[in-house]
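*Asks:* work.txt is the file, holding compact mmCIF, C-alpha atoms and all ligand atoms:
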```
# COMPACT_ATOMS: atom_id res chain seq x y z
CA MET A 57 -89.40 -165.33 25.47
CA ALA A 58 -92.30 -163.06 24.58
CA ASP A 59 -95.46 -163.27 26.69
CA GLY A 60 -98.54 -165.00 25.32
CA ILE A 61 -101.33 -162.70 24.18
CA VAL A 62 -104.91 -162.93 25.48
CA THR A 63 -107.43 -160.96 23.43
CA ILE A 64 -110.64 -159.82 25.13
CA LYS A 65 -114.00 -159.97 23.34
CA LYS A 66 -115.31 -156.66 22.09
CA GLY A 67 -117.33 -154.92 24.81
CA ARG A 68 -116.02 -157.16 27.62
CA GLU A 69 -113.06 -154.99 28.68
CA LYS A 70 -114.89 -152.77 31.21
CA PRO A 71 -114.18 -154.81 34.39
CA ILE A 72 -110.52 -155.04 33.35
CA ILE A 73 -110.27 -151.28 32.88
CA GLN A 74 -111.95 -150.91 36.28
CA GLN A 75 -109.16 -153.06 37.73
CA HIS A 76 -111.07 -156.16 38.72
CA PRO A 77 -108.28 -158.78 38.93
CA TRP A 78 -110.16 -161.76 37.44
CA ILE A 79 -110.82 -162.48 33.77
CA PHE A 80 -113.34 -165.27 33.23
CA SER A 81 -113.09 -167.56 30.21
CA GLY A 82 -116.34 -166.11 28.77
CA ALA A 83 -114.71 -162.71 28.22
CA ILE A 84 -111.79 -164.13 26.24
CA GLU A 85 -111.76 -164.08 22.43
CA ASN A 86 -108.56 -166.12 22.13
CA ALA A 87 -105.24 -166.91 23.80
CA LYS A 88 -102.12 -167.06 21.61
CA ASP A 89 -98.82 -168.67 22.67
CA ALA A 90 -99.98 -168.84 26.29
CA SER A 91 -98.74 -171.65 28.52
CA PRO A 92 -100.29 -172.76 31.82
CA GLY A 93 -99.14 -170.60 34.74
CA ASP A 94 -97.14 -168.23 32.52
CA ILE A 95 -97.42 -164.49 32.15
CA VAL A 96 -99.71 -163.19 29.39
CA THR A 97 -100.36 -159.72 28.02
CA VAL A 98 -104.07 -158.90 27.90
CA VAL A 99 -105.21 -156.75 24.96
CA LYS A 100 -108.46 -155.27 23.65
CA HIS A 101 -109.99 -156.67 20.45
CA ASP A 102 -108.02 -154.00 18.53
CA GLY A 103 -104.71 -155.04 20.12
CA THR A 104 -104.43 -152.14 22.64
CA PHE A 105 -102.73 -153.03 25.94
CA LEU A 106 -105.04 -153.61 28.91
CA ALA A 107 -103.15 -155.53 31.58
CA ARG A 108 -100.67 -158.29 32.36
CA GLY A 109 -101.19 -161.37 34.50
CA TYR A 110 -100.84 -165.13 34.62
CA TRP A 111 -102.88 -167.65 32.64
CA ASN A 112 -104.49 -171.03 33.36
CA ALA A 113 -107.00 -172.48 30.89
CA LYS A 114 -108.02 -175.17 33.43
CA SER A 115 -109.53 -172.51 35.66
CA GLN A 116 -112.80 -170.62 35.03
CA ILE A 117 -110.77 -167.58 36.01
CA GLN A 118 -108.43 -167.85 33.05
CA VAL A 119 -106.32 -164.79 33.77
CA ARG A 120 -105.41 -163.28 37.13
CA ILE A 121 -104.25 -159.75 36.54
CA LEU A 122 -101.09 -158.62 38.32
CA THR A 123 -100.58 -155.18 36.76
CA TRP A 124 -102.54 -152.67 34.71
CA HIS A 125 -99.29 -150.96 33.64
CA ASP A 126 -97.24 -152.03 30.65
CA GLU A 127 -94.33 -153.30 32.76
CA PRO A 128 -92.50 -156.64 32.90
CA ILE A 129 -93.53 -159.15 35.60
CA ASP A 130 -90.02 -160.22 36.52
CA GLU A 131 -88.35 -161.07 39.81
CA ASP A 132 -87.82 -157.40 40.48
CA TRP A 133 -91.58 -156.84 40.14
CA TRP A 134 -92.39 -159.61 42.67
CA ARG A 135 -89.82 -158.22 45.09
CA ARG A 136 -91.30 -154.71 44.80
CA MET A 137 -94.88 -155.89 45.30
CA LEU A 138 -94.05 -158.19 48.21
CA ARG A 139 -92.11 -155.39 49.88
CA ARG A 140 -95.04 -153.02 49.36
CA ALA A 141 -97.49 -155.49 50.92
CA ILE A 142 -95.25 -156.14 53.90
CA GLU A 143 -94.50 -152.46 54.48
CA GLY A 144 -98.26 -151.83 54.39
CA ARG A 145 -98.56 -153.75 57.68
CA GLY A 146 -97.07 -150.68 59.35
CA ILE A 147 -96.76 -150.86 63.09
CA LYS A 148 -97.25 -154.63 63.25
CA ASN A 149 -94.14 -155.12 61.13
CA ILE A 150 -92.12 -152.41 62.75
CA ALA A 151 -92.84 -153.86 66.20
CA TYR A 152 -91.86 -157.35 65.03
CA GLU A 153 -88.68 -156.24 63.31
CA ARG A 154 -87.66 -154.10 66.28
CA GLY A 155 -88.05 -157.16 68.48
CA ASP A 156 -90.86 -155.57 70.53
CA ALA A 157 -93.42 -158.17 69.52
CA PRO A 158 -91.53 -161.40 68.75
CA GLN A 159 -94.69 -163.51 69.02
CA SER A 160 -96.91 -161.31 66.93
CA ALA A 161 -99.09 -162.90 64.27
CA TYR A 162 -100.64 -161.11 61.31
CA ARG A 163 -101.34 -161.43 57.60
CA MET A 164 -98.51 -160.06 55.49
CA VAL A 165 -99.91 -160.71 52.01
CA ASN A 166 -103.68 -160.78 51.41
CA ALA A 167 -103.85 -162.09 47.83
CA GLU A 168 -105.99 -160.02 45.41
CA ASN A 169 -106.32 -157.33 48.07
CA ASP A 170 -102.57 -156.74 47.91
CA PHE A 171 -102.67 -157.04 44.10
CA LEU A 172 -100.97 -160.44 44.38
CA SER A 173 -103.79 -162.71 43.23
CA GLY A 174 -103.59 -166.24 44.62
CA LEU A 175 -100.93 -165.60 47.29
CA VAL A 176 -101.42 -165.53 51.06
CA VAL A 177 -98.57 -165.09 53.54
CA ASP A 178 -99.08 -165.01 57.30
CA ARG A 179 -96.52 -164.35 60.02
CA TYR A 180 -96.62 -166.46 63.19
CA GLY A 181 -93.75 -165.09 65.28
CA GLU A 182 -90.52 -166.36 63.78
CA TRP A 183 -92.27 -168.38 61.06
CA LEU A 184 -94.07 -167.50 57.87
CA VAL A 185 -96.84 -169.62 56.38
CA LEU A 186 -97.51 -169.37 52.65
CA GLN A 187 -100.58 -170.44 50.69
CA ALA A 188 -100.39 -170.82 46.89
CA LEU A 189 -104.00 -170.86 45.69
CA THR A 190 -103.34 -170.83 41.92
CA LEU A 191 -101.06 -172.40 39.32
CA GLY A 192 -99.41 -169.04 38.58
CA ILE A 193 -98.36 -168.72 42.23
CA ASP A 194 -97.58 -172.42 42.62
CA ASN A 195 -95.07 -172.25 39.74
CA ARG A 196 -93.33 -169.30 41.42
CA LYS A 197 -93.52 -170.29 45.09
CA GLY A 198 -89.80 -171.15 45.25
CA MET A 199 -88.86 -167.70 44.00
CA ILE A 200 -91.44 -166.02 46.26
CA ALA A 201 -90.11 -167.92 49.31
CA ARG A 202 -86.56 -166.88 48.42
CA ILE A 203 -87.54 -163.21 48.13
CA LEU A 204 -89.49 -163.42 51.42
CA SER A 205 -86.48 -164.96 53.14
CA GLU A 206 -84.53 -161.86 52.10
CA ILE A 207 -87.06 -159.15 52.93
CA ALA A 208 -89.03 -160.62 55.87
CA PRO A 209 -86.80 -162.26 58.50
CA SER A 210 -87.96 -165.75 59.55
CA ARG A 211 -86.63 -169.08 60.79
CA GLY A 212 -88.62 -170.87 58.16
CA ILE A 213 -91.40 -170.63 55.59
CA TYR A 214 -93.99 -173.40 55.73
CA GLU A 215 -96.41 -174.07 52.87
CA ARG A 216 -100.11 -174.72 53.63
CA SER A 217 -101.50 -175.15 50.15
CA ASP A 218 -103.88 -177.93 51.22
CA VAL A 219 -107.04 -176.10 50.19
CA ASP A 220 -109.93 -177.28 48.01
CA VAL A 221 -109.91 -174.26 45.69
CA ARG A 222 -106.63 -175.49 44.20
CA GLY A 223 -108.63 -178.29 42.58
CA LYS A 224 -110.25 -175.66 40.32
CA GLU A 225 -106.76 -174.82 39.07
CA GLY A 226 -105.90 -178.48 38.42
CA LEU A 227 -103.60 -178.54 41.46
CA LYS A 228 -103.24 -181.07 44.28
CA PRO A 229 -102.96 -180.13 47.96
CA GLU A 230 -99.40 -179.55 49.14
CA LYS A 231 -97.75 -178.95 52.51
CA GLY A 232 -94.16 -178.68 53.68
CA VAL A 233 -91.12 -176.53 54.32
CA LEU A 234 -90.28 -174.06 51.54
CA PHE A 235 -87.37 -172.39 53.28
CA GLY A 236 -85.36 -172.77 56.50
CA GLU A 237 -86.37 -174.83 59.51
CA GLU A 238 -89.37 -177.07 60.09
CA PRO A 239 -91.76 -175.25 62.48
CA PRO A 240 -92.41 -176.82 65.90
CA GLU A 241 -95.63 -178.79 66.55
CA HIS A 242 -97.15 -175.62 67.98
CA ILE A 243 -95.91 -172.09 67.44
CA ILE A 244 -96.74 -169.84 70.40
CA ILE A 245 -98.10 -166.46 69.41
CA GLN A 246 -99.38 -163.59 71.51
CA GLU A 247 -102.45 -161.46 70.80
CA HIS A 248 -103.71 -158.69 73.10
CA GLY A 249 -101.45 -160.15 75.81
CA ILE A 250 -102.91 -163.66 75.50
CA LYS A 251 -100.79 -166.58 74.30
CA PHE A 252 -102.04 -169.16 71.83
CA HIS A 253 -100.69 -172.46 70.55
CA VAL A 254 -100.96 -172.40 66.77
CA ASP A 255 -100.80 -175.59 64.75
CA VAL A 256 -99.59 -174.32 61.39
CA ARG A 257 -99.39 -177.85 59.92
CA ASP A 258 -102.96 -179.00 60.52
CA GLY A 259 -104.88 -176.05 61.97
CA HIS A 260 -107.65 -174.29 60.01
CA LYS A 261 -106.60 -171.76 57.36
CA THR A 262 -102.87 -171.23 57.99
CA GLY A 263 -103.37 -172.18 61.67
CA PHE A 264 -105.34 -169.32 63.23
CA TYR A 265 -108.21 -166.95 62.36
CA LEU A 266 -106.01 -163.88 62.08
CA ASP A 267 -108.87 -161.94 60.45
CA GLN A 268 -110.65 -161.83 63.85
CA THR A 269 -107.72 -160.38 65.85
CA ASP A 270 -109.22 -156.89 66.19
CA ASN A 271 -112.65 -158.22 67.10
CA ARG A 272 -111.15 -160.41 69.84
CA GLY A 273 -109.50 -157.21 71.11
CA LEU A 274 -112.85 -155.41 71.01
CA LEU A 275 -114.42 -158.18 73.11
CA ASN A 276 -111.52 -157.94 75.55
CA ASN A 277 -112.19 -154.18 75.95
CA LEU A 278 -115.91 -154.75 76.37
CA LEU A 279 -115.32 -157.35 79.07
CA SER A 280 -112.84 -155.12 80.90
CA SER A 281 -114.91 -151.94 80.74
CA ASP A 282 -118.52 -153.09 81.02
CA PHE A 283 -118.55 -155.94 83.50
CA ASP A 284 -117.55 -155.52 87.13
CA GLY A 285 -119.08 -158.66 88.54
CA PRO A 286 -119.16 -162.17 87.16
CA CYS A 287 -120.39 -162.53 83.62
CA ARG A 288 -121.12 -165.45 81.34
CA LEU A 289 -119.80 -165.61 77.79
CA LEU A 290 -121.05 -168.13 75.23
CA ASN A 291 -118.51 -168.58 72.45
CA LEU A 292 -120.16 -170.35 69.53
CA PHE A 293 -117.87 -172.00 66.94
CA SER A 294 -114.96 -171.46 69.31
CA TYR A 295 -112.14 -173.14 67.35
CA THR A 296 -109.09 -172.93 69.68
CA GLY A 297 -110.79 -170.55 72.12
CA GLY A 298 -109.90 -167.19 70.53
CA PHE A 299 -112.91 -165.24 71.77
CA GLY A 300 -113.50 -167.46 74.80
CA LEU A 301 -110.08 -166.79 76.30
CA GLN A 302 -110.87 -163.07 76.50
CA ALA A 303 -113.38 -163.92 79.21
CA LEU A 304 -110.79 -165.76 81.30
CA ALA A 305 -108.16 -163.10 80.67
CA THR A 306 -110.29 -160.31 82.06
CA GLY A 307 -111.09 -162.34 85.20
CA GLY A 308 -114.53 -162.76 86.69
CA ALA A 309 -116.08 -164.01 83.49
CA HIS A 310 -116.99 -167.60 82.79
CA GLY A 311 -116.63 -168.83 79.24
CA VAL A 312 -118.49 -171.62 77.49
CA ASP A 313 -116.81 -172.70 74.24
CA ILE A 314 -118.82 -174.76 71.75
CA ASP A 315 -117.26 -176.42 68.71
CA SER A 316 -117.81 -179.63 66.77
CA SER A 317 -114.07 -180.28 66.56
CA HIS A 318 -112.50 -182.24 69.42
CA ALA A 319 -108.98 -181.21 68.33
CA ALA A 320 -109.93 -177.50 68.38
CA LEU A 321 -111.43 -177.76 71.88
CA GLU A 322 -108.40 -179.65 73.18
CA LEU A 323 -106.19 -176.83 71.95
CA ALA A 324 -108.61 -174.24 73.45
CA GLU A 325 -108.16 -175.88 76.86
CA LYS A 326 -104.40 -176.08 76.35
CA ASN A 327 -104.40 -172.38 75.51
CA ALA A 328 -106.18 -171.57 78.77
CA GLN A 329 -103.53 -173.57 80.65
CA LEU A 330 -100.71 -171.88 78.73
CA ASN A 331 -101.91 -168.54 80.10
CA GLY A 332 -102.54 -169.87 83.59
CA PHE A 333 -106.28 -169.29 83.08
CA HIS A 334 -107.26 -172.89 83.67
CA LEU A 335 -108.67 -171.92 87.01
CA ASN A 336 -108.95 -168.17 87.37
CA GLU A 337 -108.84 -166.27 90.63
CA HIS A 338 -112.52 -167.00 91.23
CA GLY A 339 -111.88 -170.68 90.92
CA GLN A 340 -113.76 -170.82 87.62
CA SER A 341 -112.58 -172.46 84.47
CA ALA A 342 -114.18 -172.46 81.08
CA ASP A 343 -116.43 -175.20 79.75
CA TYR A 344 -115.42 -176.82 76.49
CA ILE A 345 -118.37 -178.54 74.89
CA GLN A 346 -118.13 -180.63 71.74
CA ALA A 347 -121.51 -180.18 70.05
CA ASP A 348 -123.28 -179.01 66.95
CA VAL A 349 -124.00 -175.34 67.62
CA PHE A 350 -127.47 -175.43 66.03
CA GLU A 351 -128.54 -178.28 68.31
CA TYR A 352 -126.82 -176.82 71.36
CA LEU A 353 -128.66 -173.51 70.94
CA HIS A 354 -132.06 -175.16 70.58
CA ASP A 355 -131.46 -177.17 73.76
CA ALA A 356 -130.06 -174.16 75.62
CA VAL A 357 -133.26 -172.20 74.86
CA THR A 358 -135.35 -175.10 76.20
CA ARG A 359 -133.18 -175.24 79.33
CA GLY A 360 -133.60 -171.45 79.80
CA GLU A 361 -129.85 -170.69 79.83
CA GLU A 362 -128.79 -167.03 80.05
CA TYR A 363 -125.64 -165.25 78.94
CA ASP A 364 -124.25 -161.74 79.21
CA ILE A 365 -122.39 -161.97 75.92
CA ILE A 366 -122.70 -164.34 72.97
CA VAL A 367 -120.14 -164.50 70.18
CA CYS A 368 -121.30 -166.28 67.02
CA ASP A 369 -118.55 -166.82 64.45
CA PRO A 370 -119.65 -169.68 62.19
CA PRO A 371 -117.71 -171.12 59.26
CA LYS A 372 -118.57 -170.05 55.71
CA PHE A 373 -122.16 -171.15 54.90
CA ALA A 374 -122.49 -169.84 51.31
CA PHE A 375 -119.77 -170.75 48.81
CA ASN A 376 -121.67 -169.23 45.86
CA ALA A 377 -124.81 -167.28 44.95
CA GLN A 378 -126.91 -170.47 44.73
CA GLN A 379 -126.25 -171.23 48.40
CA VAL A 380 -127.29 -167.81 49.72
CA ASP A 381 -130.91 -168.71 50.64
CA LYS A 382 -129.95 -171.80 52.59
CA ALA A 383 -127.11 -169.94 54.29
CA ALA A 384 -129.48 -167.11 55.22
CA ARG A 385 -131.78 -169.61 56.95
CA GLY A 386 -128.77 -170.94 58.87
CA TYR A 387 -127.67 -167.49 60.02
CA LYS A 388 -131.23 -166.62 60.98
CA ASP A 389 -131.67 -169.75 63.07
CA LEU A 390 -128.40 -169.15 64.93
CA ASN A 391 -129.07 -165.49 65.63
CA LEU A 392 -132.72 -166.06 66.62
CA ASN A 393 -131.71 -168.54 69.32
CA ALA A 394 -128.76 -166.40 70.37
CA PHE A 395 -131.11 -163.43 70.94
CA LYS A 396 -133.31 -165.63 73.13
CA LEU A 397 -130.37 -166.51 75.39
CA ILE A 398 -129.03 -163.00 76.05
CA LYS A 399 -129.81 -161.22 79.32
CA SER A 400 -131.36 -157.77 78.97
CA GLY A 401 -128.51 -155.28 78.50
CA GLY A 402 -126.18 -158.02 77.22
CA TYR A 403 -124.32 -158.19 73.95
CA LEU A 404 -124.30 -160.20 70.74
CA MET A 405 -121.24 -160.20 68.52
CA THR A 406 -122.32 -161.94 65.36
CA PHE A 407 -120.42 -162.67 62.13
CA SER A 408 -120.66 -164.05 58.63
CA CYS A 409 -117.59 -164.95 56.58
CA SER A 410 -119.58 -165.84 53.44
CA GLY A 411 -118.36 -163.67 50.58
CA ALA A 412 -121.66 -164.27 48.77
CA ILE A 413 -123.59 -162.57 51.62
CA SER A 414 -123.09 -158.80 51.69
CA ALA A 415 -122.89 -156.78 54.91
CA ASP A 416 -126.28 -155.33 54.01
CA LEU A 417 -127.92 -158.70 53.54
CA PHE A 418 -126.34 -160.02 56.74
CA GLN A 419 -127.79 -157.11 58.68
CA LYS A 420 -131.23 -157.84 57.18
CA ILE A 421 -130.97 -161.49 58.22
CA VAL A 422 -130.04 -160.52 61.78
CA PHE A 423 -132.91 -158.03 61.78
CA GLY A 424 -135.28 -160.87 60.75
CA ALA A 425 -134.00 -162.98 63.63
CA LEU A 426 -134.44 -160.11 66.07
CA ALA A 427 -138.02 -159.45 64.93
CA ASP A 428 -138.93 -163.12 65.49
CA SER A 429 -137.28 -163.16 68.91
CA GLY A 430 -139.33 -160.24 70.22
CA ARG A 431 -136.20 -158.61 71.68
CA GLN A 432 -134.80 -155.11 71.08
CA ALA A 433 -131.27 -154.44 69.85
CA GLN A 434 -128.97 -151.56 68.95
CA ILE A 435 -126.03 -151.66 66.59
CA LEU A 436 -122.99 -150.46 68.53
CA LYS A 437 -120.49 -151.23 65.79
CA HIS A 438 -120.22 -152.67 62.31
CA LEU A 439 -117.40 -155.20 62.33
CA GLY A 440 -114.90 -156.42 59.78
CA PRO A 441 -111.37 -157.78 59.61
CA GLY A 442 -108.33 -155.92 60.93
CA ASP A 443 -106.18 -153.67 58.77
CA ASP A 444 -103.68 -156.44 58.06
CA HIS A 445 -106.56 -157.82 55.92
CA PRO A 446 -107.11 -154.86 53.60
CA VAL A 447 -109.79 -155.13 50.90
CA ALA A 448 -108.96 -153.80 47.43
CA LEU A 449 -111.64 -151.27 46.50
CA THR A 450 -111.78 -152.84 43.04
CA PHE A 451 -112.36 -156.35 44.48
CA PRO A 452 -115.66 -156.54 46.41
CA GLU A 453 -115.17 -160.32 46.78
CA GLY A 454 -112.39 -159.47 49.25
CA ALA A 455 -114.90 -158.14 51.82
CA TYR A 456 -115.94 -161.60 53.03
CA LEU A 457 -115.93 -161.03 56.82
CA LYS A 458 -118.66 -158.86 58.25
CA GLY A 459 -120.27 -158.63 61.66
CA LEU A 460 -122.31 -156.62 64.13
CA LEU A 461 -121.82 -155.78 67.77
CA LEU A 462 -125.31 -155.42 69.24
CA ARG A 463 -126.66 -154.47 72.63
CA VAL A 464 -129.75 -156.52 73.33
CA TYR A 465 -132.71 -155.70 75.58
N1 LIG B 1 -114.05 -167.81 66.38
C1 LIG B 1 -112.92 -168.65 66.06
C2 LIG B 1 -112.95 -169.15 64.63
C3 LIG B 1 -114.19 -169.96 64.26
S1 LIG B 1 -113.98 -170.94 62.85
C4 LIG B 1 -111.62 -167.91 66.40
O1 LIG B 1 -111.68 -166.72 66.76
O2 LIG B 1 -110.55 -168.50 66.32
C5 LIG B 1 -115.38 -171.96 62.81
C6 LIG B 1 -115.37 -173.14 63.76
O3 LIG B 1 -116.66 -173.73 63.68
C7 LIG B 1 -114.38 -174.27 63.47
O4 LIG B 1 -113.58 -174.48 64.59
C8 LIG B 1 -115.27 -175.51 63.19
O5 LIG B 1 -114.74 -176.69 63.78
C9 LIG B 1 -116.56 -175.14 63.87
N2 LIG B 1 -117.82 -175.70 63.35
C10 LIG B 1 -118.23 -175.80 62.07
N3 LIG B 1 -119.50 -176.24 61.98
C11 LIG B 1 -119.93 -176.41 63.27
C12 LIG B 1 -121.17 -176.81 63.87
N4 LIG B 1 -122.24 -177.11 63.11
N5 LIG B 1 -121.24 -176.86 65.20
C13 LIG B 1 -120.17 -176.56 65.97
N6 LIG B 1 -118.99 -176.15 65.47
C14 LIG B 1 -118.87 -176.09 64.13
```
Once you've parsed the file, please lay out its structure as structure tokens.
Ligand code: SAH
*Replies:*
Amino acid sequence: MADGIVTIKKGREKPIIQQHPWIFSGAIENAKDASPGDIVTVVKHDGTFLARGYWNAKSQIQVRILTWHDEPIDEDWWRRMLRRAIEGRGIKNIAYERGDAPQSAYRMVNAENDFLSGLVVDRYGEWLVLQALTLGIDNRKGMIARILSEIAPSRGIYERSDVDVRGKEGLKPEKGVLFGEEPPEHIIIQEHGIKFHVDVRDGHKTGFYLDQTDNRGLLNNLLSSDFDGPCRLLNLFSYTGGFGLQALATGGAHGVDIDSSHAALELAEKNAQLNGFHLNEHGQSADYIQADVFEYLHDAVTRGEEYDIIVCDPPKFAFNAQQVDKAARGYKDLNLNAFKLIKSGGYLMTFSCSGAISADLFQKIVFGALADSGRQAQILKHLGPGDDHPVALTFPEGAYLKGLLLRVY
């Protein structure tokens, strides 16, 4: 069957030629013989070939481009592109496949950034977790799981397509086994020598914030190299203790984990026990406090608490351009109070995962907070996700996670 044809309005082809993967309905002149989720050929107003992708009229993003070459999008194409994405994970993959890192966890397919719009695949040791964010991927998830089972060894592939964005594609949330065995209640992974329980069925995202792996490693290095004596770490928005456990792992340090989710804190404590960190050699354990971070910080300032390091990794505040101002006030409030709590010579590791807030704007917000706090700070490092989360140069929306490591005086 021939592909449907989507014709672009005159003068609206530039982003397509520049390889942005999304075509919004406003740029489309007409769609002929296209069916929901199926492959369409995208042409200029004069009929010249532009790209090929999948179509969904229910979505504002009517076409997701898969290729800018005039080539068929058949099973062979999916196999080639999946293989390319997986091979791009270099040493992480090699180590896993060699058996050197059987509990390693990393992102294998990063959607648009691997030129596979709408598809996320994460490895958690012997299991893969797949997210189908669009109708085009949802229709093909059986085939994709089959190809993955052939090219990326696993005991099972679990689907975690229970995300709100699917609503925009006219899809319902879905979860369940796509291939092989049902994963256990918790999969145990290892990161920088620390073990974590990961709940791939009900945990956030596909179970773990894999995008922060390198930054957790950076904190681990900082704690090992810069602190001889006891040090206090405040881990804001701790989830299952990712950053907080680095303090216990390097000994000496005392961690305070704050999160609003009881389930996340329970797992954070379980993770400390799993590593034998529950009571470290100094007889200290971490504190796990269920609280709203904004309120906790205000109270901590009043109480005059002091910390050597604060990590601030909030959830996404701005989901679109309209929410940027309100989000900026939120980030400013958090960072202002964090600055007030840091001992002179201490560190702040602060993040934003709002795609609508650029790295530049985030830095300006943190600067505003610093100015109001009366403290001094130096940027030691600009932070982002690890290289298993590449960002396509043609897709600025992919650069959602940004952060700063600051020394504060
Ligand atoms: N740093 C973590 C990931 C943080 S995700 C890691 O490395 O794994 C954001 C966390 O913020 C979630 O666990 C969520 O439960 C929590 N959260 C969201 N809003 C909050 C609030 N107002 N106060 C406290 N925690 C909140």
*Asks:* Check the smallest atom-to-atom distance from each of A:Trp78, A:Tyr265, A:Phe395, A:Phe283 to ligand LIG 1 (chain B) using all atoms listed in the file, then report the winner.
*Replies:* A:Tyr265
*Asks:* Excluding same-chain residues fewer than 4 positions from Lys372 in chain A, what lies within 10 Å of it counting all atoms listed in the file, as an mmCIF file with C-alpha atoms, keeping the file's coordinate frame?
*Replies:*
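Saved the output as out_29.cif:
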```
data_model
loop_
_atom_site.group_PDB
_atom_site.id
_atom_site.type_symbol
_atom_site.label_atom_id
_atom_site.label_comp_id
_atom_site.auth_asym_id
_atom_site.auth_seq_id
_atom_site.Cartn_x
_atom_site.Cartn_y
_atom_site.Cartn_z
ATOM 1 C CA ALA A 383 -127.110 -169.940 54.290
ATOM 2 C CA PHE A 407 -120.420 -162.670 62.130
ATOM 3 C CA SER A 408 -120.660 -164.050 58.630
ATOM 4 C CA CYS A 409 -117.590 -164.950 56.580
ATOM 5 C CA SER A 410 -119.580 -165.840 53.440
ATOM 6 C CA GLY A 411 -118.360 -163.670 50.580
ATOM 7 C CA ALA A 412 -121.660 -164.270 48.770
ATOM 8 C CA ILE A 413 -123.590 -162.570 51.620
ATOM 9 C CA TYR A 456 -115.940 -161.600 53.030
ATOM 10 C CA LEU A 457 -115.930 -161.030 56.820
#
```
*Asks:* Mind working out the centre and edge lengths of an axis-aligned box for ligand LIG 1 (chain B), all listed atoms inside, 6 Å added to each side, rounded to one decimal in Å and written as lines of an AutoDock Vina configuration file?
*Replies:*
```
center_x = -116.4
center_y = -171.9
center_z = 64.4
size_x = 23.7
size_y = 22.4
size_z = 16.8
```
*Asks:* Can you tell me which residues surround Phe333 in chain A at a distance of at most 10 Å, considering all atoms listed in the file, apart from same-chain residues fewer than 6 positions away, and format the answer as a list in words?
*Replies:*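 In the requested format, the answer is Leu301, Ala303, Leu304, Ala305, Thr306, Gly307, Glu325, Lys326, Asn327, Gly339, Gln340, Ser341 and Ala342 of chain A.
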*Asks:* Which residue out of A:Glu230, A:Glu153, A:Asp343, A:Asp313 has the minimum interatomic distance to ligand LIG 1 (chain B) when all atoms listed in the file are used?
*Replies:*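 So, comparing all the options, the nearest one is A:Asp313.
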